[in-house]
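*Asks:* Mind having a look at this structure? Questions to follow.
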Amino acid sequence: MLLQTLISVQALNDVLEQENTVILDCRFYLVDHKKGRYEYEKGHVPKAIFVDVHHELAGKETELTGRHPLPEQEDFADQLQRWGIDQHSCVIVYDDMGGAIAARAWWMLSQQGIETYVLDGGIAAWQTPLATQIERPVASSYRFNVSFPWQVTERDVVENFELGSFQLVDARASDRFYGENEMLDPIAGHIPGAINRPFSKNLTEGASFKSKEALASEWHALLRGSENVVHYCGSGITSCHNVLAMNCAGIEAKRVYVGSWSQWAKRMLRAAEIEA
């Protein structure tokens, strides 16, 4: 079953004042974790609640996880309540990177059965005045029984080498995939057997999504009939953009190896230490 995907600025305008509409501002910058809130306070879509991606859409990094592991299920259930989200909510998420960050929220919320859309074009597409008032949501009384059934684990990836049960797709830029440039993780390269689809290729020059027809053509050419696909990236964030793009193309996709390259690189380091 295909997932709900994008919403246009016009469609968001039409539902903006509806009581069940919840808007999440997911702007996030790896080099400066405080900048997202700063940009939000300068101006955001009316009604938007700021989301701290590093703390509210991720758990704590450990020696065995990637850089952005999923939060504990109970913690995320708490977070959904704090945002005022219930079973009747329609949630719109956005960022300023073509959905590269917001897609993580979209993927996490969609797994809970929450109607969720990514604003196509992000905040740059919003033509009406921005709000500066800090949105303080009223907590919801409804509590979700949170689960992440679309998560693929490190063990799953290891077993895949023997079983060949899925095709890994890496959403990072090609220079990182080929090990030519790596400034975030301790080892450069990619997981053996993976193919590369930089998430940026899902977008037009204006940072909106390509047409369904263009995406379908590109994804079918890349996958060449592979039906079982698992996405990953550096830390489990931008991989969700490729999940979103495949659904936009009319191709069913859900699964993400959340640990991604940042977890796999740690695995490689441990193996090297054992060999030494």
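Labeling convention for the structure tokens: chains A, B, ... as they appear, residues from 1 per chain, ligands from 1 in order of appearance.
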Need the shell around segment 194-210 of chain A: protein/DNA/RNA residues with any atom at most 9 Å away, counting only C-alpha atoms. Skip same-chain ones fewer than 4 positions apart. Format as number ranges by chain?

*Replies:* A: 6, 96-100, 120-122, 124-125, 167-174, 177, 190, 214-215, 218-219, 222-223, 233, 238-242, 245, 248

*Asks:* With N, CA, C and O atoms retained, export the selected residues as a short mmCIF file (atom, residue, chain, number, x, y, z; two decimals), in the first residue's frame.

*Replies:*
```
data_model
loop_
_atom_site.label_atom_id
_atom_site.label_comp_id
_atom_site.auth_asym_id
_atom_site.auth_seq_id
_atom_site.Cartn_x
_atom_site.Cartn_y
_atom_site.Cartn_z
N LEU A 6 2.97 14.06 -0.31
CA LEU A 6 3.21 15.51 -0.35
C LEU A 6 1.92 16.31 -0.22
O LEU A 6 0.83 15.83 -0.54
N ASP A 96 13.77 23.28 5.20
CA ASP A 96 14.26 24.16 4.14
C ASP A 96 15.29 23.43 3.27
O ASP A 96 16.16 24.05 2.66
N MET A 97 15.18 22.10 3.22
CA MET A 97 16.11 21.28 2.44
C MET A 97 15.37 20.32 1.52
O MET A 97 15.78 19.17 1.33
N GLY A 98 14.26 20.76 0.99
CA GLY A 98 13.53 19.92 0.05
C GLY A 98 12.88 18.71 0.67
O GLY A 98 12.56 17.75 -0.03
N GLY A 99 12.71 18.74 1.98
CA GLY A 99 12.10 17.60 2.68
C GLY A 99 13.10 16.59 3.20
O GLY A 99 12.71 15.57 3.78
N ALA A 100 14.40 16.86 3.04
CA ALA A 100 15.43 15.90 3.45
C ALA A 100 15.39 15.59 4.94
O ALA A 100 15.69 14.48 5.35
N ASP A 120 5.60 20.25 0.00
CA ASP A 120 6.44 20.27 -1.19
C ASP A 120 7.06 21.66 -1.37
O ASP A 120 6.35 22.67 -1.39
N GLY A 121 8.38 21.70 -1.48
CA GLY A 121 9.08 22.97 -1.60
C GLY A 121 9.48 23.58 -0.28
O GLY A 121 10.26 24.55 -0.26
N GLY A 122 8.95 23.04 0.82
CA GLY A 122 9.34 23.52 2.14
C GLY A 122 8.96 24.96 2.41
O GLY A 122 8.08 25.53 1.75
N ALA A 124 10.41 27.66 1.78
CA ALA A 124 10.66 28.59 0.68
C ALA A 124 9.45 28.74 -0.23
O ALA A 124 9.28 29.77 -0.90
N ALA A 125 8.61 27.71 -0.27
CA ALA A 125 7.42 27.76 -1.12
C ALA A 125 6.27 28.52 -0.47
O ALA A 125 5.29 28.85 -1.14
N GLN A 167 17.53 -5.21 -1.43
CA GLN A 167 18.53 -4.37 -2.08
C GLN A 167 18.72 -3.10 -1.25
O GLN A 167 17.76 -2.37 -0.98
N LEU A 168 19.94 -2.83 -0.82
CA LEU A 168 20.24 -1.60 -0.08
C LEU A 168 20.41 -0.44 -1.05
O LEU A 168 21.08 -0.56 -2.09
N VAL A 169 19.82 0.71 -0.69
CA VAL A 169 19.96 1.93 -1.47
C VAL A 169 20.47 3.03 -0.56
O VAL A 169 19.86 3.33 0.47
N ASP A 170 21.59 3.62 -0.92
CA ASP A 170 22.28 4.64 -0.12
C ASP A 170 21.89 6.03 -0.62
O ASP A 170 22.07 6.35 -1.79
N ALA A 171 21.37 6.87 0.28
CA ALA A 171 20.86 8.19 -0.09
C ALA A 171 21.90 9.30 -0.01
O ALA A 171 21.60 10.46 -0.29
N ARG A 172 23.13 8.97 0.37
CA ARG A 172 24.16 10.00 0.51
C ARG A 172 24.65 10.49 -0.86
O ARG A 172 24.47 9.83 -1.87
N ALA A 173 25.33 11.63 -0.83
CA ALA A 173 25.95 12.15 -2.05
C ALA A 173 26.95 11.12 -2.58
O ALA A 173 27.55 10.36 -1.81
N SER A 174 27.16 11.12 -3.87
CA SER A 174 27.99 10.09 -4.50
C SER A 174 29.43 10.11 -4.00
O SER A 174 30.07 9.05 -3.90
N PHE A 177 29.43 8.11 -0.91
CA PHE A 177 29.17 6.71 -1.23
C PHE A 177 30.44 6.02 -1.73
O PHE A 177 30.76 4.89 -1.33
N HIS A 190 30.88 2.58 1.57
CA HIS A 190 29.47 2.22 1.63
C HIS A 190 29.33 0.74 1.99
O HIS A 190 30.30 -0.01 1.94
N ALA A 214 8.60 11.40 -13.78
CA ALA A 214 10.06 11.46 -13.78
C ALA A 214 10.64 10.58 -12.69
O ALA A 214 11.62 9.84 -12.92
N LEU A 215 10.06 10.65 -11.51
CA LEU A 215 10.56 9.82 -10.40
C LEU A 215 10.40 8.34 -10.71
O LEU A 215 11.30 7.54 -10.45
N GLU A 218 13.06 7.19 -13.20
CA GLU A 218 14.40 7.12 -12.62
C GLU A 218 14.54 5.97 -11.63
O GLU A 218 15.55 5.26 -11.62
N TRP A 219 13.53 5.77 -10.80
CA TRP A 219 13.61 4.71 -9.80
C TRP A 219 13.52 3.32 -10.44
O TRP A 219 14.25 2.40 -10.04
N LEU A 222 16.87 2.54 -11.88
CA LEU A 222 17.86 2.24 -10.86
C LEU A 222 17.67 0.84 -10.29
O LEU A 222 18.64 0.08 -10.13
N LEU A 223 16.44 0.50 -9.97
CA LEU A 223 16.17 -0.75 -9.25
C LEU A 223 16.12 -1.96 -10.17
O LEU A 223 16.34 -3.09 -9.72
N CYS A 233 21.41 5.89 4.82
CA CYS A 233 22.16 7.10 4.49
C CYS A 233 23.34 7.18 5.45
O CYS A 233 24.00 6.18 5.71
N THR A 238 18.22 11.27 5.99
CA THR A 238 17.88 11.53 4.59
C THR A 238 17.47 10.28 3.83
O THR A 238 16.89 10.39 2.74
N SER A 239 17.73 9.11 4.38
CA SER A 239 17.25 7.88 3.74
C SER A 239 15.72 7.89 3.61
O SER A 239 15.16 7.33 2.66
N CYS A 240 15.06 8.54 4.56
CA CYS A 240 13.59 8.61 4.53
C CYS A 240 13.10 9.40 3.33
O CYS A 240 11.97 9.20 2.87
N HIS A 241 13.95 10.30 2.80
CA HIS A 241 13.58 11.07 1.61
C HIS A 241 13.42 10.15 0.42
O HIS A 241 12.52 10.35 -0.42
N ASN A 242 14.27 9.12 0.31
CA ASN A 242 14.13 8.17 -0.79
C ASN A 242 12.89 7.30 -0.62
O ASN A 242 12.27 6.91 -1.62
N ALA A 245 10.20 9.57 -1.87
CA ALA A 245 10.25 9.71 -3.33
C ALA A 245 9.69 8.49 -4.04
O ALA A 245 8.99 8.62 -5.05
N CYS A 248 6.05 8.68 -3.88
CA CYS A 248 5.60 9.70 -4.83
C CYS A 248 5.58 9.15 -6.25
O CYS A 248 4.74 9.54 -7.08
#
```

*Asks:* Using only C-alpha atoms, determine which residues lie at most 10 Å from Gln81 of chain A, disregarding the query and same-chain residues fewer than 3 positions distant; provide the list as a list in words.

*Replies:*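 Here the answer would be Phe76, Ala77, Asp78, Gly84, Ile85, Asp86, Pro137, Val138, Ala139, Ser140, Ser141, Tyr142, Arg143 and Phe144 of chain A.
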
*Asks:* DSSP on the backbone, strand (DSSP E) only: what residues of segment 19-207 of chain A does that give? Format it as a PyMOL selection string.

*Replies:* chain A and resi 21-25+48-50+90-94+115-119+151-152+167-170+195-196

*Asks:* Using N, CA and C atoms, can you write the selected residues to a file as a PDB file, in the first residue's frame?

*Replies:*
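Writing the result to out32.pdb gives the following:
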```pdb
ATOM      1  N   THR A  21      -5.410  20.113  12.271  1.00  0.00           N
ATOM      2  CA  THR A  21      -4.162  20.305  11.540  1.00  0.00           C
ATOM      3  C   THR A  21      -3.020  20.619  12.504  1.00  0.00           C
ATOM      4  N   VAL A  22      -1.956  19.849  12.405  1.00  0.00           N
ATOM      5  CA  VAL A  22      -0.752  20.068  13.204  1.00  0.00           C
ATOM      6  C   VAL A  22       0.415  20.250  12.237  1.00  0.00           C
ATOM      7  N   ILE A  23       1.209  21.298  12.439  1.00  0.00           N
ATOM      8  CA  ILE A  23       2.329  21.587  11.546  1.00  0.00           C
ATOM      9  C   ILE A  23       3.621  21.517  12.348  1.00  0.00           C
ATOM     10  N   LEU A  24       4.601  20.805  11.805  1.00  0.00           N
ATOM     11  CA  LEU A  24       5.879  20.633  12.483  1.00  0.00           C
ATOM     12  C   LEU A  24       7.006  21.215  11.632  1.00  0.00           C
ATOM     13  N   ASP A  25       7.750  22.137  12.207  1.00  0.00           N
ATOM     14  CA  ASP A  25       8.914  22.744  11.564  1.00  0.00           C
ATOM     15  C   ASP A  25      10.135  21.913  11.935  1.00  0.00           C
ATOM     16  N   ALA A  48       3.003  26.437  13.186  1.00  0.00           N
ATOM     17  CA  ALA A  48       4.053  25.417  13.212  1.00  0.00           C
ATOM     18  C   ALA A  48       4.702  25.308  14.583  1.00  0.00           C
ATOM     19  N   ILE A  49       4.946  24.078  14.996  1.00  0.00           N
ATOM     20  CA  ILE A  49       5.639  23.757  16.242  1.00  0.00           C
ATOM     21  C   ILE A  49       7.075  23.391  15.879  1.00  0.00           C
ATOM     22  N   PHE A  50       8.040  23.942  16.608  1.00  0.00           N
ATOM     23  CA  PHE A  50       9.426  23.596  16.310  1.00  0.00           C
ATOM     24  C   PHE A  50       9.741  22.184  16.795  1.00  0.00           C
ATOM     25  N   CYS A  90      -4.179  15.652  11.334  1.00  0.00           N
ATOM     26  CA  CYS A  90      -3.541  15.696  10.021  1.00  0.00           C
ATOM     27  C   CYS A  90      -2.258  16.505  10.211  1.00  0.00           C
ATOM     28  N   VAL A  91      -1.110  15.862  10.039  1.00  0.00           N
ATOM     29  CA  VAL A  91       0.168  16.494  10.354  1.00  0.00           C
ATOM     30  C   VAL A  91       0.902  16.839   9.061  1.00  0.00           C
ATOM     31  N   ILE A  92       1.370  18.088   8.984  1.00  0.00           N
ATOM     32  CA  ILE A  92       2.181  18.545   7.853  1.00  0.00           C
ATOM     33  C   ILE A  92       3.558  18.894   8.391  1.00  0.00           C
ATOM     34  N   VAL A  93       4.590  18.341   7.774  1.00  0.00           N
ATOM     35  CA  VAL A  93       5.962  18.579   8.219  1.00  0.00           C
ATOM     36  C   VAL A  93       6.725  19.283   7.099  1.00  0.00           C
ATOM     37  N   TYR A  94       7.682  20.131   7.479  1.00  0.00           N
ATOM     38  CA  TYR A  94       8.466  20.831   6.463  1.00  0.00           C
ATOM     39  C   TYR A  94       9.849  21.168   6.994  1.00  0.00           C
ATOM     40  N   GLU A 115      -2.030  10.462   9.767  1.00  0.00           N
ATOM     41  CA  GLU A 115      -2.092  11.085   8.449  1.00  0.00           C
ATOM     42  C   GLU A 115      -1.034  12.184   8.378  1.00  0.00           C
ATOM     43  N   THR A 116      -0.012  11.986   7.557  1.00  0.00           N
ATOM     44  CA  THR A 116       1.136  12.886   7.549  1.00  0.00           C
ATOM     45  C   THR A 116       1.563  13.202   6.125  1.00  0.00           C
ATOM     46  N   TYR A 117       1.900  14.474   5.892  1.00  0.00           N
ATOM     47  CA  TYR A 117       2.339  14.937   4.581  1.00  0.00           C
ATOM     48  C   TYR A 117       3.575  15.821   4.736  1.00  0.00           C
ATOM     49  N   VAL A 118       4.397  15.832   3.690  1.00  0.00           N
ATOM     50  CA  VAL A 118       5.546  16.730   3.619  1.00  0.00           C
ATOM     51  C   VAL A 118       5.172  17.903   2.716  1.00  0.00           C
ATOM     52  N   LEU A 119       5.449  19.115   3.178  1.00  0.00           N
ATOM     53  CA  LEU A 119       5.154  20.309   2.384  1.00  0.00           C
ATOM     54  C   LEU A 119       6.125  20.383   1.209  1.00  0.00           C
ATOM     55  N   GLN A 151      11.480  -0.394  10.613  1.00  0.00           N
ATOM     56  CA  GLN A 151      12.896  -0.287  10.932  1.00  0.00           C
ATOM     57  C   GLN A 151      13.627  -1.584  10.573  1.00  0.00           C
ATOM     58  N   VAL A 152      14.765  -1.453   9.913  1.00  0.00           N
ATOM     59  CA  VAL A 152      15.650  -2.572   9.618  1.00  0.00           C
ATOM     60  C   VAL A 152      16.878  -2.445  10.514  1.00  0.00           C
ATOM     61  N   GLN A 167      17.533  -5.210  -1.430  1.00  0.00           N
ATOM     62  CA  GLN A 167      18.532  -4.366  -2.076  1.00  0.00           C
ATOM     63  C   GLN A 167      18.722  -3.102  -1.246  1.00  0.00           C
ATOM     64  N   LEU A 168      19.943  -2.828  -0.822  1.00  0.00           N
ATOM     65  CA  LEU A 168      20.240  -1.603  -0.083  1.00  0.00           C
ATOM     66  C   LEU A 168      20.408  -0.441  -1.052  1.00  0.00           C
ATOM     67  N   VAL A 169      19.819   0.705  -0.686  1.00  0.00           N
ATOM     68  CA  VAL A 169      19.962   1.932  -1.475  1.00  0.00           C
ATOM     69  C   VAL A 169      20.472   3.029  -0.556  1.00  0.00           C
ATOM     70  N   ASP A 170      21.593   3.624  -0.918  1.00  0.00           N
ATOM     71  CA  ASP A 170      22.280   4.638  -0.122  1.00  0.00           C
ATOM     72  C   ASP A 170      21.887   6.028  -0.616  1.00  0.00           C
ATOM     73  N   ILE A 195      23.514   0.208  -3.720  1.00  0.00           N
ATOM     74  CA  ILE A 195      23.550   1.091  -4.881  1.00  0.00           C
ATOM     75  C   ILE A 195      23.249   2.502  -4.393  1.00  0.00           C
ATOM     76  N   ASN A 196      23.649   3.480  -5.181  1.00  0.00           N
ATOM     77  CA  ASN A 196      23.582   4.867  -4.741  1.00  0.00           C
ATOM     78  C   ASN A 196      22.457   5.628  -5.437  1.00  0.00           C
TER      79      ASN A 196
END
```

*Asks:* One number please: atom CA of Glu19 of chain A to atom CA of Arg136 of chain A, in Å, one decimal.

*Replies:*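 One can read the atom CA of Glu19 of chain A to atom CA of Arg136 of chain A distance as 14.6 Å.
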
*Asks:* Compile the contact shell of Ile187 of chain A as number ranges by chain: residues with an atom at most 9 Å away, counting only C-alpha atoms, same-chain residues fewer than 5 positions apart removed.

*Replies:* A: 179, 182, 261-262, 265-266, 268-269

*Asks:* Emit the selected residues as a compact mmCIF listing (two decimals), in the first residue's frame, including all heavy atoms.

*Replies:*
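This went into again_21.txt:
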```txt
# COMPACT_ATOMS: atom_id res chain seq x y z
N GLY A 179 33.46 6.88 -1.10
CA GLY A 179 34.58 7.02 -0.18
C GLY A 179 35.55 8.13 -0.53
O GLY A 179 36.69 8.15 -0.05
N GLU A 182 34.60 12.11 3.33
CA GLU A 182 33.88 11.70 4.53
C GLU A 182 34.34 12.55 5.71
O GLU A 182 35.46 12.41 6.17
CB GLU A 182 34.10 10.23 4.83
CG GLU A 182 33.29 9.71 6.01
CD GLU A 182 31.81 9.96 5.84
OE1 GLU A 182 31.18 9.30 4.99
OE2 GLU A 182 31.27 10.84 6.55
N TRP A 261 25.10 4.22 7.61
CA TRP A 261 26.56 4.11 7.49
C TRP A 261 27.26 4.41 8.81
O TRP A 261 28.31 3.83 9.12
CB TRP A 261 27.09 5.02 6.40
CG TRP A 261 28.58 4.93 6.26
CD1 TRP A 261 29.50 5.88 6.59
CD2 TRP A 261 29.33 3.79 5.83
NE1 TRP A 261 30.78 5.43 6.37
CE2 TRP A 261 30.70 4.13 5.90
CE3 TRP A 261 28.99 2.51 5.38
CZ2 TRP A 261 31.72 3.26 5.55
CZ3 TRP A 261 30.00 1.63 5.02
CH2 TRP A 261 31.35 2.01 5.11
N SER A 262 26.72 5.33 9.62
CA SER A 262 27.38 5.69 10.87
C SER A 262 27.47 4.50 11.83
O SER A 262 28.45 4.36 12.57
CB SER A 262 26.67 6.88 11.55
OG SER A 262 25.29 6.62 11.73
N ALA A 265 29.98 1.85 10.01
CA ALA A 265 31.38 2.26 10.14
C ALA A 265 31.93 1.87 11.51
O ALA A 265 33.08 1.43 11.63
CB ALA A 265 31.51 3.76 9.92
N LYS A 266 31.12 2.02 12.56
CA LYS A 266 31.55 1.59 13.89
C LYS A 266 31.76 0.08 13.92
O LYS A 266 32.70 -0.41 14.56
CB LYS A 266 30.50 1.99 14.93
CG LYS A 266 30.38 3.48 15.19
CD LYS A 266 29.28 3.78 16.18
CE LYS A 266 29.13 5.26 16.43
NZ LYS A 266 28.03 5.58 17.38
N MET A 268 32.74 -1.75 11.43
CA MET A 268 33.99 -2.00 10.73
C MET A 268 35.20 -1.69 11.61
O MET A 268 36.20 -2.40 11.58
CB MET A 268 34.04 -1.17 9.44
CG MET A 268 33.01 -1.60 8.40
SD MET A 268 33.02 -0.52 6.94
CE MET A 268 34.65 -0.90 6.28
N LEU A 269 35.09 -0.62 12.40
CA LEU A 269 36.17 -0.26 13.30
C LEU A 269 36.38 -1.36 14.35
O LEU A 269 37.52 -1.73 14.65
CB LEU A 269 35.87 1.06 14.00
CG LEU A 269 36.14 2.34 13.22
CD1 LEU A 269 35.77 3.55 14.06
CD2 LEU A 269 37.62 2.42 12.81
```

*Asks:* Identify which of the residues A:Lys254, A:Trp264, A:Gln87, A:Ala58 lies closest to Ala188 of chain A, counting only C-alpha atoms when measuring atom-to-atom distances.

*Replies:*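 Ranking A:Lys254, A:Trp264, A:Gln87, A:Ala58 by distance to Ala188 of chain A, first place goes to A:Trp264.
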
*Asks:* Would you return as a list in words the members of segment 200-254 of chain A that DSSP assigns to alpha helix (DSSP H) on this structure's backbone?

*Replies:*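 Filtering segment 200-254 of chain A to alpha helix (DSSP H) leaves Lys212, Glu213, Ala214, Leu215, Ala216, Ser217, Glu218, Trp219, His220, Ala221, Leu222, Leu223, Ser239, Cys240, His241, Asn242, Val243, Leu244, Ala245, Met246, Asn247 and Cys248 of chain A.
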
*Asks:* Using atom CA of Thr153 of chain A and atom CA of Asn228 of chain A as the two end points, give the distance in Å to one decimal.

*Replies:*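 Answer for the atom CA of Thr153 of chain A to atom CA of Asn228 of chain A separation: 15.2 Å.
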
*Asks:* Which residue is closest to Asp95 of chain A? Choose from A:Val258, A:Val45, A:Cys26, A:Val53 and count only C-alpha atoms.

*Replies:*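 Under the stated criterion, the closest residue is A:Cys26.
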